[in-house]
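Heads up, the thing below is written out as structure tokens.
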Amino acid sequence: MILGDLLGVDVHDDGGARLGRVADARFVVDGGPGQLLAEARLLGLVVSPHSAASFLGYERTGLRQPWPLPSIFRWRHRGSFLVLWEDILMIGSSGVRLREGFTAYSPALD
Amino acid sequence: MKRLLGVALGILTAIGGFVDIGDLVTNAVVGSRFGLSLVWVVGVGVLGICLFANMSGRVAAASGRATFEVIRERLGPRAGLANLSASFLINLMTVTAEIGGVALALQLASSVHYLLWIPVAALAVWLVVWRVKFSIMENVTGLLGLTLIVFAVALFLLKPDWGSLAGQALAPAVPAEETVPTYWYYAIALFGAAMTPYEVFFFSSGAVEEGWSIRDLVQSRVNVLVGFPLGGLLSVAIAGCAAVVLLPAGIAVTSLSQVVLPVAEGGGKVGLAFVLVGLVAATFGAALETTLSSGYTLAQFFGWSWGKFRRPAQAARFHLAMIICLFIGLAVLATGVDPVLVTEYSVVFSAIALPLTYLPILIVANDPQYMGQHVNGRPVNVLAMVYLVIILAASLAAIPLMIVTGAGS
């Protein structure tokens with residue numbers, strides 16, 4: 001399975017209720033030394049209830065131009081959240097299941 | 001002094017390079033059927049292409065990378081692919097139309113059938129793309145393309161009734177023998193011809209080819225903001241010539257020979273000689289630009305090394321992609337399809353694909369991660385959003401109008 005297969009896959013909570021779809025994967029660059037940068041580590045997945053389309057970069061709250069595009073893209077992704085890798089119970093091409101009592105973080109970036 | 005010469009050269013090549021087969025044919029068709037009543041569309045289109053070409057040049061100068069590369073990286077593969085497929089297919093159609101245009105222009109000059117010229121034209125395009133330095137290629141075709149100014153000269157020599165021309169231009173009305181849908185269909189075609197997507201991709205990739213940096217921004221801006229509007233005036237002169245000679249005679253343009261007819265009438269043999277050189281240079285220059293653009297967009301999407309500043313062996317897939325595109329164009333033309341017809345369709349399909357081309361450019365030009373302090377200013381963004389609405393309206397209206405009007409017939 002590659003990361004591309006994961007995008008757009010349904011996400012359910014522990015009880016089987018549908019929460020949305022995987023819209024993005026969030027990485028941090030803090031692993032072992034790589035060729036150019038440190039190795040990237042998967043921090044978690046961004047789950048979006050209404051659309052699995054790309055945020056087109058508007059997850060960064062600093063981007064406000066050109067009006068009204070940022071508002072439109074943020075509205076498309078209203079209710080989306082970041083769930084950490086530790087909170088993921090199971091991953092498969094048919095669905096992602098989260099652990100009971102997972103924490104939903106804000107997907108916003110500075 | 002050297003800098004001034006550089007600016008002058010840039011402006012001149014921008015003027016000469018502005019007009020391509022799409023502008024030539026569409027303006028002449030429109031002039032011969034609607035007079036100057038659609039001239040406002042050229043104005044709208046030219047302002048639009050100035051806006052987005054300038055933005056795209058700024059992205060290239062600020063990030064050191066071509067716009068499409070940034071789009072692919074920043075907006076991801078899906079948005080990139082939508083952008084690529086729209087732009088690339090239109091571009092392929094335009095390559096075909098331009099090569100057909102070169103062949104038709106050579107037919108006018110030599111009386112040898114255009115189908116015989118087509119392989120010659122395609123081979124010549126390939127040789128130049130393969131061998132000739134980018135700056136030489138741009139400057140030679142751009143400067144020779146300037147001979148199309150003969151359309152403006154011919155318009156004066158034809159001694160038209162300026163009052164009635166101005167009346168058509170300033171108080172646009174649908175001529176009695178044409179319908180309202182046809183009028184709007186051709187408005188969209190003209191808009192598409194002025195705003196063809198390859199121009200922005202070529203402009204930004206060209207900026208990388210020539211190694212622009214932020215210091216060259218002023219010159220790039222001058223090239224666009226002076227050169228393109230003057231090129232737009234050339235388009236208007238083409239429409240004007242057709243409006244003065246062909247409209248009263250009831251000749252609706254369907255071939256390239258009819259496009260040059262007014263110049264022959266107004267400018268005689270000398271005028272004809274100039275216009276033939278101009279036609280070959282303009283279509284050949286545009287054939288080079290569109291062929292390169294197809295290579296640029298493909299290579300930038302798939303992450304191949306690209307550019308004429310590299311030796312062909314170091315950008316093998318880029319060159320191979322262009323060869324394949326030329327062969328596809330050749331194959332289409334070999335069916336005997338009329339290049340003028342291909343052109344007329346290509347400008348309308350251009351208009352249809354425009355939102356997918358220009359929305360990503362706008363988003364990227366607003367991203368400080370790539371642009372630093374050179375992100376779009378507020379007035380540019382407001383204007384660009386207005387244009388996106390126009391572009392979207394034109395794009396949505398194009399196919400229904402095409403069906404209703406039978407493609408303008």
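Each chain in the structure tokens gets a letter, A, B, ..., in the order shown, and its residues are numbered from 1; ligands are numbered from 1 in order too.
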Once you count only C-alpha atoms, what closest atom pair and distance in Å to one decimal does each residue of chain A within 7 Å of chain B have, with rows by chain and rising residue number, as JSON lines?
{"residue": "A:Leu56", "atom": "CA", "partner": "B:Leu75", "partner_atom": "CA", "distance": 5.1}
{"residue": "A:Gln65", "atom": "CA", "partner": "B:Asn366", "partner_atom": "CA", "distance": 6.2}
{"residue": "A:Pro66", "atom": "CA", "partner": "B:Asn381", "partner_atom": "CA", "distance": 5.6}
Just the selected residues (C-alpha atoms), exported as a compact mmCIF listing (two decimals), in the first residue's frame, please.
# COMPACT_ATOMS: atom_id res chain seq x y z
CA LEU A 56 -4.70 23.50 -1.90
CA GLN A 65 -5.57 35.98 -0.44
CA PRO A 66 -7.18 36.10 -2.93
* Looking only at the backbone, which of the residues in chain A does DSSP tag as strand (DSSP E or B), as an MDAnalysis selection string? -> chainID A and resid 10:12 18:33 38:48 60 81:84 88:91 96:98 104:105 109
* Given the choices B:Leu392, B:Ala242, B:Leu155, B:Leu146, which gets closest to Ala282 in chain B if the distance is worked out from only C-alpha atoms? ->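 Once distances to Ala282 in chain B are computed over only C-alpha atoms, the minimum belongs to B:Leu146.
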* **Between CA of Met1 in chain A and CA of Ser305 in chain B, distance in Å (one decimal)** => 28.2 Å
* Asked: Which parts of range 7-107 of chain A does DSSP call helix (DSSP H, G or I) when run on the backbone here, written out as a list in words?
  ->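 Matching residues for helix (DSSP H, G or I) in range 7-107 of chain A are Leu69, Pro70, Ser71, Ile72, Phe73, Arg74, Trp75, Arg76, Trp85, Glu86 and Asp87 of chain A.
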* May I have the residues within 10 Å of Ser85 in chain B as a list in words, using only C-alpha atoms and disregarding those fewer than 5 positions away in the same chain? => Gly80, Ile90, Asn91, Thr297, Leu298, Ala353, Leu356 and Thr357 of chain B
Residues just named, written with N, CA and C atoms as a tab-separated table (two decimals), in the first residue's frame:
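Generated file (out12.tsv):
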chain	number	residue	atom	x	y	z
B	80	GLY	N	-2.85	19.21	-10.29
B	80	GLY	CA	-1.87	19.37	-11.35
B	80	GLY	C	-2.30	18.65	-12.61
B	90	ILE	N	-5.30	21.36	-25.27
B	90	ILE	CA	-5.48	22.58	-26.04
B	90	ILE	C	-4.19	22.92	-26.77
B	91	ASN	N	-3.10	22.73	-26.04
B	91	ASN	CA	-1.80	23.04	-26.60
B	91	ASN	C	-1.49	22.19	-27.83
B	297	THR	N	5.18	21.55	-20.16
B	297	THR	CA	4.13	21.15	-19.21
B	297	THR	C	4.27	19.68	-18.84
B	298	LEU	N	4.51	18.82	-19.85
B	298	LEU	CA	4.65	17.40	-19.55
B	298	LEU	C	5.84	17.15	-18.62
B	353	ALA	N	-11.04	25.62	-21.51
B	353	ALA	CA	-10.06	25.11	-20.55
B	353	ALA	C	-9.47	26.20	-19.67
B	356	LEU	N	-9.19	26.10	-15.63
B	356	LEU	CA	-8.26	25.12	-15.07
B	356	LEU	C	-6.82	25.59	-15.20
B	357	THR	N	-6.57	26.48	-16.14
B	357	THR	CA	-5.21	27.00	-16.31
B	357	THR	C	-4.94	28.15	-15.36
* Tell me, as a PyMOL selection string, which residues lie within 9 Å of range 82-84 of chain A, counting only C-alpha atoms; anything in the same chain fewer than 4 positions away does not count. => chain A and resi 25-26+42-48+88+98+102-108
